[in-house]
file run.cif (mmCIF, C-alpha atoms)
data_query
#
loop_
_atom_site.label_atom_id
_atom_site.label_comp_id
_atom_site.auth_asym_id
_atom_site.auth_seq_id
_atom_site.Cartn_x
_atom_site.Cartn_y
_atom_site.Cartn_z
CA MET A 1 -32.01 -0.36 -23.33
CA THR A 2 -30.02 1.41 -20.68
CA GLU A 3 -26.27 0.91 -20.74
CA TYR A 4 -24.32 0.72 -17.51
CA TRP A 5 -20.69 1.36 -16.62
CA ALA A 6 -19.07 0.02 -13.48
CA ILE A 7 -15.74 0.43 -11.71
CA ILE A 8 -14.39 -3.05 -11.17
CA ASN A 9 -10.93 -3.45 -9.63
CA GLU A 10 -10.34 0.27 -10.12
CA ASN A 11 -10.98 0.03 -13.88
CA GLN A 12 -13.95 1.64 -15.54
CA GLU A 13 -15.72 -1.02 -17.58
CA GLY A 14 -18.74 -0.97 -19.82
CA PRO A 15 -21.11 -0.54 -21.46
CA PHE A 16 -23.12 -3.42 -20.10
CA SER A 17 -26.79 -4.26 -20.25
CA LEU A 18 -28.44 -4.75 -16.89
CA ASP A 19 -28.23 -8.54 -17.30
CA GLU A 20 -24.55 -8.42 -18.24
CA LEU A 21 -23.84 -6.12 -15.31
CA MET A 22 -25.55 -8.42 -12.86
CA SER A 23 -23.58 -11.40 -14.16
CA LEU A 24 -20.36 -9.61 -13.15
CA ASP A 25 -18.92 -9.56 -9.68
CA ILE A 26 -21.13 -6.72 -8.49
CA THR A 27 -21.58 -5.91 -4.82
CA ALA A 28 -23.49 -3.15 -3.06
CA ASP A 29 -20.16 -1.25 -2.93
CA THR A 30 -19.47 -1.29 -6.68
CA PRO A 31 -19.61 2.20 -8.23
CA VAL A 32 -22.02 2.20 -11.18
CA TRP A 33 -23.05 4.86 -13.69
CA CYS A 34 -25.65 4.96 -16.47
CA ALA A 35 -26.86 7.65 -18.85
CA GLY A 36 -29.03 10.21 -17.11
CA MET A 37 -27.21 9.97 -13.82
CA GLU A 38 -25.36 13.03 -12.59
CA ALA A 39 -22.60 11.10 -10.88
CA TRP A 40 -21.39 7.64 -10.06
CA ALA A 41 -23.44 5.89 -7.44
CA TRP A 42 -23.05 2.75 -5.41
CA ALA A 43 -24.77 -0.29 -6.90
CA ALA A 44 -26.92 -0.45 -3.75
CA ASP A 45 -28.23 3.07 -4.43
CA ILE A 46 -29.54 2.32 -7.94
CA PRO A 47 -33.05 0.88 -7.54
CA GLU A 48 -33.06 -1.60 -10.45
CA ILE A 49 -29.66 -3.02 -9.42
CA ALA A 50 -30.40 -2.95 -5.70
CA GLU A 51 -33.59 -4.90 -6.36
CA ARG A 52 -31.65 -7.68 -8.04
CA LEU A 53 -28.88 -7.61 -5.46
CA THR A 54 -31.45 -8.21 -2.73
CA SER A 55 -33.23 -10.89 -4.73
CA THR A 56 -30.04 -12.93 -5.15
CA GLY A 57 -28.66 -12.32 -1.71
CA THR A 58 -29.21 -10.09 1.24
CA VAL A 59 -27.53 -6.73 1.33
CA GLU A 60 -26.90 -4.36 4.13
CA ILE A 61 -24.21 -1.95 5.13
CA PRO A 62 -23.66 -2.35 8.85
CA PRO A 63 -22.98 0.85 10.80
CA ILE A 64 -19.27 1.56 11.20
CA PRO A 65 -18.93 3.75 14.29
CA ASP A 66 -15.15 4.25 14.19
CA THR A 67 -14.50 4.53 10.47
CA PRO A 68 -17.52 6.20 8.86
CA PHE A 69 -16.08 6.69 5.36
CA ILE A 70 -14.82 3.21 4.63
CA PRO A 71 -17.20 1.13 2.52
CA GLU A 72 -18.12 -2.17 4.06
CA ILE A 73 -18.67 -5.46 2.34
CA PRO A 74 -22.36 -6.28 2.76
CA VAL A 75 -23.05 -9.07 5.20
CA SER A 76 -26.69 -9.61 6.02
CA GLY A 77 -30.12 -7.95 6.38
CA THR A 78 -31.91 -5.89 3.76
CA LEU A 79 -30.95 -2.79 1.82
CA GLN A 80 -33.90 -0.81 3.12
CA GLU A 81 -32.42 -0.87 6.59
CA GLU A 82 -29.27 0.96 5.50
CA PRO A 83 -28.61 3.74 8.00
CA ALA A 84 -29.21 7.26 6.71
CA LYS A 85 -25.87 8.48 8.08
CA VAL A 86 -23.88 6.12 5.87
CA GLU A 87 -26.11 7.02 2.93
CA THR A 88 -25.18 10.71 3.00
CA ALA A 89 -21.50 9.96 3.51
CA ARG A 90 -21.33 7.78 0.42
CA ASN A 91 -23.18 10.07 -1.94
CA THR A 92 -20.52 12.71 -2.51
CA PRO A 93 -21.72 14.29 -5.76
CA GLY A 94 -19.52 14.17 -8.83
CA ILE A 95 -16.87 11.94 -7.30
CA PRO A 96 -16.70 8.28 -8.16
CA ALA A 97 -16.59 6.87 -4.68
CA GLY A 98 -14.52 3.78 -4.20
CA LYS A 99 -12.07 1.99 -2.00
CA CYS A 100 -9.20 3.80 -0.33
CA PRO A 101 -6.44 4.47 -2.88
CA PRO A 102 -3.15 2.69 -2.16
CA THR A 103 -0.78 4.41 0.29
CA TYR A 104 2.31 2.53 -0.97
CA LEU A 105 3.45 2.64 2.67
CA VAL A 106 5.22 -0.72 2.59
CA TRP A 107 7.26 0.32 -0.46
CA ALA A 108 8.04 3.68 1.14
CA ILE A 109 9.43 1.89 4.22
CA LEU A 110 11.45 -0.55 2.13
CA CYS A 111 12.85 2.35 0.08
CA THR A 112 13.73 4.26 3.26
CA ILE A 113 15.58 1.29 4.74
CA PHE A 114 17.20 -0.17 1.63
CA CYS A 115 17.44 2.53 -1.03
CA CYS A 116 18.02 6.11 -0.30
CA MET A 117 16.86 7.27 3.09
CA PRO A 118 16.01 10.97 2.56
CA LEU A 119 13.88 10.26 -0.52
CA GLY A 120 11.72 7.66 1.22
CA ILE A 121 10.54 10.13 3.87
CA PRO A 122 8.30 12.26 1.55
CA ALA A 123 6.68 9.02 0.35
CA ILE A 124 5.81 8.14 3.97
CA ILE A 125 4.45 11.66 4.60
CA TYR A 126 2.21 11.47 1.50
CA ALA A 127 1.11 7.96 2.52
CA SER A 128 -0.19 9.36 5.82
CA GLN A 129 -2.11 12.06 3.93
CA VAL A 130 -3.82 9.49 1.69
CA THR A 131 -5.73 7.96 4.59
CA SER A 132 -6.37 11.36 6.25
CA CYS A 133 -7.96 12.71 3.06
CA TYR A 134 -9.91 9.52 2.47
CA ARG A 135 -11.36 9.53 5.98
CA ASN A 136 -12.49 13.13 5.49
CA GLY A 137 -14.32 12.17 2.31
CA ASP A 138 -11.80 13.99 0.08
CA TYR A 139 -11.44 11.23 -2.53
CA ASP A 140 -9.74 13.48 -5.11
CA GLY A 141 -7.23 14.60 -2.51
CA ALA A 142 -6.60 11.00 -1.46
CA HIS A 143 -5.94 9.96 -5.07
CA GLU A 144 -3.61 12.92 -5.57
CA ARG A 145 -1.60 12.07 -2.42
CA SER A 146 -1.55 8.41 -3.43
CA GLU A 147 0.01 9.32 -6.78
CA LYS A 148 2.56 11.58 -5.09
CA ALA A 149 3.49 8.80 -2.66
CA ALA A 150 3.97 6.47 -5.64
CA LEU A 151 6.09 9.11 -7.38
CA TRP A 152 8.46 9.43 -4.41
CA VAL A 153 8.70 5.66 -4.07
CA ILE A 154 9.67 5.49 -7.75
CA ILE A 155 12.13 8.40 -7.41
CA SER A 156 13.91 6.84 -4.44
CA PHE A 157 13.91 3.43 -6.09
CA VAL A 158 15.34 4.79 -9.34
CA VAL A 159 17.95 6.91 -7.52
CA GLY A 160 18.89 3.90 -5.41
CA LEU A 161 19.16 1.64 -8.44
CA THR A 162 21.06 4.07 -10.71
CA THR A 163 23.59 4.87 -8.01
CA LEU A 164 24.02 1.18 -7.22
CA PRO A 165 27.14 0.79 -9.44
CA LEU A 166 28.61 3.80 -7.64
CA GLN A 167 27.74 2.32 -4.25
CA ILE A 168 29.40 -0.95 -5.26
CA ALA A 169 32.42 0.95 -6.61
CA PHE A 170 32.86 2.58 -3.18
CA SER A 171 33.01 -0.85 -1.57
CA LEU A 172 36.12 -1.60 -3.66
CA LEU A 173 38.01 1.49 -2.47
CA MET B 174 -3.17 -5.00 -13.89
CA THR B 175 -4.78 -8.14 -15.25
CA SER B 176 -4.70 -11.25 -13.11
CA ALA B 177 -2.15 -12.91 -15.44
CA SER B 178 0.34 -10.03 -15.41
CA ARG B 179 -0.21 -9.67 -11.67
CA ARG B 180 0.70 -13.33 -11.24
CA TYR B 181 3.90 -12.91 -13.30
CA THR B 182 4.86 -9.88 -11.22
CA VAL B 183 4.35 -11.82 -7.99
CA VAL B 184 6.38 -14.80 -9.27
CA ALA B 185 9.17 -12.48 -10.49
CA ALA B 186 9.20 -10.68 -7.11
CA ILE B 187 9.41 -13.96 -5.18
CA LEU B 188 12.25 -15.26 -7.40
CA LEU B 189 14.14 -11.99 -6.99
CA ALA B 190 13.66 -12.10 -3.20
CA ILE B 191 14.95 -15.71 -3.05
CA THR B 192 17.99 -14.81 -5.20
CA VAL B 193 18.82 -11.81 -3.02
CA LEU B 194 18.41 -13.84 0.18
CA CYS B 195 20.70 -16.56 -1.23
CA ILE B 196 23.38 -13.95 -1.99
CA TYR B 197 23.12 -12.58 1.55
CA PHE B 198 23.24 -16.10 2.98
CA TYR B 199 26.32 -17.31 1.11
CA PHE B 200 28.32 -14.07 1.11
CA ASN B 201 29.17 -11.95 4.12
CA PRO B 202 28.64 -8.22 3.40
CA GLU B 203 31.11 -7.36 6.16
CA SER B 204 34.17 -9.05 4.72
CA GLY B 205 33.20 -9.52 1.09
CA ARG B 206 33.51 -6.73 -1.44
CA LEU B 207 31.00 -5.76 -4.13
CA PHE B 208 28.27 -5.10 -1.60
CA PRO B 209 26.82 -1.59 -2.08
CA ARG B 210 27.80 1.10 0.41
CA CYS B 211 25.20 3.52 1.77
CA PRO B 212 25.33 6.77 -0.25
CA PHE B 213 24.01 8.70 2.75
CA LEU B 214 26.89 7.47 4.90
CA ILE B 215 29.45 8.28 2.18
CA LEU B 216 28.07 11.79 1.63
CA THR B 217 27.34 12.86 5.22
CA GLY B 218 29.35 10.53 7.41
CA PHE B 219 26.18 9.75 9.38
CA GLN B 220 24.45 6.38 9.46
CA CYS B 221 20.99 6.36 7.84
CA PRO B 222 18.11 4.36 9.41
CA GLY B 223 18.87 1.50 7.01
CA CYS B 224 22.63 1.27 7.57
CA GLY B 225 23.69 -2.18 8.70
CA SER B 226 20.70 -3.89 7.08
CA GLN B 227 22.86 -6.02 4.78
CA ARG B 228 24.96 -7.30 7.68
CA ALA B 229 21.80 -7.76 9.78
CA ILE B 230 20.16 -9.85 7.05
CA HIS B 231 23.30 -11.99 6.73
CA SER B 232 23.33 -12.57 10.52
CA LEU B 233 19.62 -13.29 10.61
CA LEU B 234 19.87 -15.85 7.80
CA HIS B 235 22.49 -17.65 9.91
CA GLY B 236 20.19 -17.58 12.95
CA ASP B 237 22.29 -15.01 14.81
CA ILE B 238 19.56 -12.70 16.09
CA ALA B 239 21.86 -10.95 18.59
CA SER B 240 24.22 -9.83 15.80
CA ALA B 241 21.29 -8.80 13.60
CA TRP B 242 20.00 -6.65 16.48
CA HIS B 243 23.47 -5.15 16.90
CA PHE B 244 23.80 -4.25 13.20
CA ASN B 245 20.33 -2.73 12.76
CA ALA B 246 17.78 -3.14 15.55
CA VAL B 247 15.02 -1.22 13.79
CA MET B 248 15.32 -3.33 10.64
CA LEU B 249 14.75 -6.41 12.81
CA LEU B 250 11.70 -4.80 14.44
CA PHE B 251 10.34 -3.79 11.04
CA ILE B 252 10.30 -7.30 9.57
CA PRO B 253 6.89 -8.21 11.14
CA ILE B 254 5.55 -4.69 10.43
CA VAL B 255 6.55 -4.91 6.76
CA ALA B 256 5.06 -8.43 6.56
CA ILE B 257 1.68 -7.20 7.89
CA LEU B 258 1.71 -4.18 5.56
CA LEU B 259 2.60 -6.38 2.60
CA ILE B 260 -0.33 -8.70 3.33
CA ALA B 261 -2.61 -5.65 3.62
CA GLU B 262 -1.25 -4.36 0.29
CA ILE B 263 -1.93 -7.68 -1.45
CA LYS B 264 -5.43 -7.97 0.06
CA ARG B 265 -6.28 -4.27 -0.35
CA GLU B 266 -9.40 -4.93 -2.44
CA LYS B 267 -10.84 -7.70 -0.30
CA TRP B 268 -9.92 -6.50 3.18
CA ALA B 269 -10.59 -2.78 2.72
CA ARG B 270 -11.11 -2.15 6.43
CA PHE B 271 -7.99 -4.05 7.47
CA TYR B 272 -6.03 -2.06 4.89
CA ALA B 273 -7.45 1.23 6.17
CA SER B 274 -6.69 0.40 9.80
CA VAL B 275 -3.06 -0.66 9.27
CA ASN B 276 -2.60 2.34 6.98
CA SER B 277 -4.17 4.85 9.39
CA ARG B 278 -2.29 8.09 9.79
CA TYR B 279 -1.34 7.26 13.40
CA VAL B 280 0.38 4.07 12.26
CA ILE B 281 2.16 5.92 9.45
CA TRP B 282 3.22 8.80 11.71
CA GLY B 283 4.45 6.26 14.25
CA ILE B 284 6.53 4.50 11.59
CA ALA B 285 7.95 7.80 10.31
CA ALA B 286 8.78 8.88 13.90
CA ILE B 287 10.53 5.57 14.69
CA LEU B 288 12.61 5.73 11.50
CA LEU B 289 13.61 9.38 11.99
CA LEU B 290 14.36 8.96 15.72
CA TRP B 291 16.41 5.85 14.99
CA GLY B 292 18.32 7.76 12.31
CA VAL B 293 19.19 10.47 14.85
CA LEU B 294 19.75 8.36 17.98
CA ARG B 295 22.05 5.79 16.39
CA ASN B 296 24.43 8.61 15.43
CA ILE B 297 24.53 10.43 18.78
CA CYS B 298 24.49 7.44 21.15
#
call {"tool": "encode", "arguments": {"input": "run.cif", "output": "structure tokens"}}
result
Amino acid sequence: MTEYWAIINENQEGPFSLDELMSLDITADTPVWCAGMEAWAWAADIPEIAERLTSTGTVEIPPIPDTPFIPEIPVSGTLQEEPAKVETARNTPGIPAGKCPPTYLVWAILCTIFCCMPLGIPAIIYASQVTSCYRNGDYDGAHERSEKAALWVIISFVVGLTTLPLQIAFSLL
Amino acid sequence: MTSASRRYTVVAAILLAITVLCIYFYFNPESGRLFPRCPFLILTGFQCPGCGSQRAIHSLLHGDIASAWHFNAVMLLFIPIVAILLIAEIKREKWARFYASVNSRYVIWGIAAILLLWGVLRNIC
């Protein structure tokens, strides 16, 4: 029996049998892999899963004119009608496609305003690169920038917190 | 993060936020001591984009929007922006398109530009 792995909430989980996999919260946008496959694919692109997705509910990826690389939650229609343009965009070989990695933008702003201003700026710069890379289909690049943004948020937070006693001491002068 | 640990984190964050807001409500950062001073201001003598936020929060909690604007206008403007971004952050998985649109590079560049310009202008004006 074939064993399947899936990326659910950014965690790789498995192995599952086909029945177990289908009992999970699988959508057309869930990345799935099984032995024999070269790379991760969307659940909708694996025939045996797509078949059961369509039998339980209707699946279609509507065309997204403005944001071509952002996976959409299926709404209605049938899988067979999926536009070819979206198909090629999603099948980047060797890269587990998924949702846009976090930009940590909100934390970068909060760090800039409340912690240590100069250190929050690189976090904001990296945050902007996360979405740029993701839109260009560079998922590895997006993940890398996402991690760097997180790193700078942590650095500015830690610097802000460790110098806090010093900052308070200055208020007593 | 599992759903349980995520829930604890959220509860801890909310409790911390309430505690901090209570401190800034009952104590005035302007007159009271023990409130942290901006390291950027101490080191360079220039106000950073966040300077005045503590006093602004204190004013805002007492309903004095004019004073809050006077202490840090950009912090006041950023409250709704941060709220929207925080909602997008929490709902990142479910509202992927909403997350992508509020995190588009134009939005982020705009935010960076506002913060940097504010940091410069407030010191020269």
call {"tool": "interface_residues", "arguments": {"input": "run.cif", "of": "chain B", "to": "chain A", "cutoff": "6 Å", "atoms": "all atoms listed in the file", "output": "list of chain:residue names"}}
result
B:Arg206, B:Leu207, B:Phe208, B:Pro209, B:Arg210, B:Gly223, B:Leu258, B:Ser277, B:Arg278, B:Ile281
call {"tool": "write_last_selection", "arguments": {"input": "run.cif", "atoms": "C-alpha atoms", "output": "mmCIF file, in the coordinates of the input"}}
result
data_model
loop_
_atom_site.group_PDB
_atom_site.id
_atom_site.type_symbol
_atom_site.label_atom_id
_atom_site.label_comp_id
_atom_site.auth_asym_id
_atom_site.auth_seq_id
_atom_site.Cartn_x
_atom_site.Cartn_y
_atom_site.Cartn_z
ATOM 1 C CA ARG B 206 33.510 -6.730 -1.440
ATOM 2 C CA LEU B 207 31.000 -5.760 -4.130
ATOM 3 C CA PHE B 208 28.270 -5.100 -1.600
ATOM 4 C CA PRO B 209 26.820 -1.590 -2.080
ATOM 5 C CA ARG B 210 27.800 1.100 0.410
ATOM 6 C CA GLY B 223 18.870 1.500 7.010
ATOM 7 C CA LEU B 258 1.710 -4.180 5.560
ATOM 8 C CA SER B 277 -4.170 4.850 9.390
ATOM 9 C CA ARG B 278 -2.290 8.090 9.790
ATOM 10 C CA ILE B 281 2.160 5.920 9.450
#
call {"tool": "atom_distance", "arguments": {"input": "run.cif", "atom1": "atom CA of B:Ala273", "atom2": "atom CA of B:Val184"}}
result
26.2 Å
call {"tool": "closest_residue", "arguments": {"input": "run.cif", "among": "A:Val158, A:Leu151, A:Ala123, A:Leu18", "to": "A:Trp33", "atoms": "all atoms listed in the file"}}
result
A:Leu18
call {"tool": "residues_around", "arguments": {"input": "run.cif", "residues": "B:Ile263", "least_positions_apart": "2", "cutoff": "12 Å", "atoms": "only C-alpha atoms", "output": "list of chain:residue names"}}
result
A:Pro102, A:Tyr104, A:Val106, B:Arg179, B:Arg180, B:Val183, B:Ala256, B:Ile257, B:Leu258, B:Leu259, B:Ile260, B:Ala261, B:Arg265, B:Glu266, B:Lys267, B:Trp268, B:Ala269, B:Phe271, B:Tyr272
call {"tool": "resolve_selection", "arguments": {"input": "run.cif", "expression": "the PyMOL selection byres ((chain A and resi 27) around 8)", "output": "ChimeraX atom specification"}}
result
/A:25-26,28-30,43-44,53,73-74
call {"tool": "atom_distance", "arguments": {"input": "run.cif", "atom1": "atom CA of B:Arg228", "atom2": "atom CA of B:Asn201"}}
result
7.2 Å
call {"tool": "atom_distance", "arguments": {"input": "run.cif", "atom1": "atom CA of B:Ser232", "atom2": "atom CA of B:Trp291"}}
result
20.2 Å
call {"tool": "closest_residue", "arguments": {"input": "run.cif", "among": "B:Leu234, B:Leu194, B:Cys224, B:Val293", "to": "B:Ala246", "atoms": "all atoms listed in the file"}}
result
B:Cys224
call {"tool": "resolve_selection", "arguments": {"input": "run.cif", "expression": "the PyMOL selection byres ((chain B and resi 196) around 12)", "output": "list of chain:residue names"}}
result
B:Leu189, B:Ala190, B:Ile191, B:Thr192, B:Val193, B:Leu194, B:Cys195, B:Tyr197, B:Phe198, B:Tyr199, B:Phe200, B:Asn201, B:Pro202, B:Gly205, B:Leu207, B:Phe208, B:Gln227, B:Arg228, B:Ile230, B:His231, B:Leu234
call {"tool": "resolve_selection", "arguments": {"input": "run.cif", "expression": "the PyMOL selection byres ((chain A and resi 14) around 8)", "output": "list in words"}}
result
Glu3, Tyr4, Trp5, Ala6, Gln12, Glu13, Pro15 and Phe16 of chain A
call {"tool": "write_last_selection", "arguments": {"input": "run.cif", "atoms": "C-alpha atoms", "output": "compact mmCIF listing (two decimals), in the frame of the given file"}}
result
# COMPACT_ATOMS: atom_id res chain seq x y z
CA GLU A 3 -26.27 0.91 -20.74
CA TYR A 4 -24.32 0.72 -17.51
CA TRP A 5 -20.69 1.36 -16.62
CA ALA A 6 -19.07 0.02 -13.48
CA GLN A 12 -13.95 1.64 -15.54
CA GLU A 13 -15.72 -1.02 -17.58
CA PRO A 15 -21.11 -0.54 -21.46
CA PHE A 16 -23.12 -3.42 -20.10
call {"tool": "build_atoms", "arguments": {"input": "run.cif", "residues": "stretch 262-285 of chain B", "atoms": "N, CA and C atoms", "output": "PDB file, in the frame of the given file"}}
result
ATOM      1  N   GLU B 262      -1.394  -4.887   1.650  1.00  0.00           N
ATOM      2  CA  GLU B 262      -1.250  -4.360   0.290  1.00  0.00           C
ATOM      3  C   GLU B 262      -1.798  -5.361  -0.731  1.00  0.00           C
ATOM      4  N   ILE B 263      -1.481  -6.641  -0.519  1.00  0.00           N
ATOM      5  CA  ILE B 263      -1.930  -7.680  -1.450  1.00  0.00           C
ATOM      6  C   ILE B 263      -3.451  -7.847  -1.365  1.00  0.00           C
ATOM      7  N   LYS B 264      -3.999  -7.746  -0.150  1.00  0.00           N
ATOM      8  CA  LYS B 264      -5.430  -7.970   0.060  1.00  0.00           C
ATOM      9  C   LYS B 264      -6.216  -6.666   0.142  1.00  0.00           C
ATOM     10  N   ARG B 265      -5.670  -5.597  -0.472  1.00  0.00           N
ATOM     11  CA  ARG B 265      -6.280  -4.270  -0.350  1.00  0.00           C
ATOM     12  C   ARG B 265      -7.750  -4.241  -0.795  1.00  0.00           C
ATOM     13  N   GLU B 266      -8.040  -4.932  -1.909  1.00  0.00           N
ATOM     14  CA  GLU B 266      -9.400  -4.930  -2.440  1.00  0.00           C
ATOM     15  C   GLU B 266     -10.365  -5.680  -1.525  1.00  0.00           C
ATOM     16  N   LYS B 267      -9.924  -6.849  -1.052  1.00  0.00           N
ATOM     17  CA  LYS B 267     -10.840  -7.700  -0.300  1.00  0.00           C
ATOM     18  C   LYS B 267     -10.976  -7.272   1.147  1.00  0.00           C
ATOM     19  N   TRP B 268      -9.874  -6.879   1.760  1.00  0.00           N
ATOM     20  CA  TRP B 268      -9.920  -6.500   3.180  1.00  0.00           C
ATOM     21  C   TRP B 268      -9.747  -4.993   3.309  1.00  0.00           C
ATOM     22  N   ALA B 269     -10.717  -4.238   2.766  1.00  0.00           N
ATOM     23  CA  ALA B 269     -10.590  -2.780   2.720  1.00  0.00           C
ATOM     24  C   ALA B 269     -10.447  -2.173   4.120  1.00  0.00           C
ATOM     25  N   ARG B 270     -11.172  -2.724   5.087  1.00  0.00           N
ATOM     26  CA  ARG B 270     -11.110  -2.150   6.430  1.00  0.00           C
ATOM     27  C   ARG B 270      -9.792  -2.457   7.126  1.00  0.00           C
ATOM     28  N   PHE B 271      -9.296  -3.676   6.917  1.00  0.00           N
ATOM     29  CA  PHE B 271      -7.990  -4.050   7.470  1.00  0.00           C
ATOM     30  C   PHE B 271      -6.908  -3.146   6.889  1.00  0.00           C
ATOM     31  N   TYR B 272      -6.997  -2.927   5.564  1.00  0.00           N
ATOM     32  CA  TYR B 272      -6.030  -2.060   4.890  1.00  0.00           C
ATOM     33  C   TYR B 272      -6.071  -0.656   5.480  1.00  0.00           C
ATOM     34  N   ALA B 273      -7.302  -0.130   5.650  1.00  0.00           N
ATOM     35  CA  ALA B 273      -7.450   1.230   6.170  1.00  0.00           C
ATOM     36  C   ALA B 273      -6.918   1.336   7.599  1.00  0.00           C
ATOM     37  N   SER B 274      -7.122   0.282   8.410  1.00  0.00           N
ATOM     38  CA  SER B 274      -6.690   0.400   9.800  1.00  0.00           C
ATOM     39  C   SER B 274      -5.165   0.297   9.927  1.00  0.00           C
ATOM     40  N   VAL B 275      -4.523  -0.599   9.163  1.00  0.00           N
ATOM     41  CA  VAL B 275      -3.060  -0.660   9.270  1.00  0.00           C
ATOM     42  C   VAL B 275      -2.383   0.486   8.531  1.00  0.00           C
ATOM     43  N   ASN B 276      -3.150   1.179   7.673  1.00  0.00           N
ATOM     44  CA  ASN B 276      -2.600   2.340   6.980  1.00  0.00           C
ATOM     45  C   ASN B 276      -3.121   3.651   7.563  1.00  0.00           C
ATOM     46  N   SER B 277      -3.657   3.611   8.792  1.00  0.00           N
ATOM     47  CA  SER B 277      -4.170   4.850   9.390  1.00  0.00           C
ATOM     48  C   SER B 277      -3.015   5.814   9.633  1.00  0.00           C
ATOM     49  N   ARG B 278      -3.378   7.102   9.700  1.00  0.00           N
ATOM     50  CA  ARG B 278      -2.290   8.090   9.790  1.00  0.00           C
ATOM     51  C   ARG B 278      -1.472   7.932  11.061  1.00  0.00           C
ATOM     52  N   TYR B 279      -2.097   7.430  12.148  1.00  0.00           N
ATOM     53  CA  TYR B 279      -1.340   7.260  13.400  1.00  0.00           C
ATOM     54  C   TYR B 279      -0.247   6.206  13.218  1.00  0.00           C
ATOM     55  N   VAL B 280      -0.609   5.118  12.534  1.00  0.00           N
ATOM     56  CA  VAL B 280       0.380   4.070  12.260  1.00  0.00           C
ATOM     57  C   VAL B 280       1.513   4.648  11.420  1.00  0.00           C
ATOM     58  N   ILE B 281       1.144   5.398  10.369  1.00  0.00           N
ATOM     59  CA  ILE B 281       2.160   5.920   9.450  1.00  0.00           C
ATOM     60  C   ILE B 281       3.050   6.944  10.157  1.00  0.00           C
ATOM     61  N   TRP B 282       2.422   7.825  10.960  1.00  0.00           N
ATOM     62  CA  TRP B 282       3.220   8.800  11.710  1.00  0.00           C
ATOM     63  C   TRP B 282       4.152   8.087  12.678  1.00  0.00           C
ATOM     64  N   GLY B 283       3.633   7.041  13.311  1.00  0.00           N
ATOM     65  CA  GLY B 283       4.450   6.260  14.250  1.00  0.00           C
ATOM     66  C   GLY B 283       5.665   5.674  13.552  1.00  0.00           C
ATOM     67  N   ILE B 284       5.434   5.105  12.365  1.00  0.00           N
ATOM     68  CA  ILE B 284       6.530   4.500  11.590  1.00  0.00           C
ATOM     69  C   ILE B 284       7.551   5.567  11.197  1.00  0.00           C
ATOM     70  N   ALA B 285       7.048   6.711  10.710  1.00  0.00           N
ATOM     71  CA  ALA B 285       7.950   7.800  10.310  1.00  0.00           C
ATOM     72  C   ALA B 285       8.768   8.276  11.514  1.00  0.00           C
TER      73      ALA B 285
END
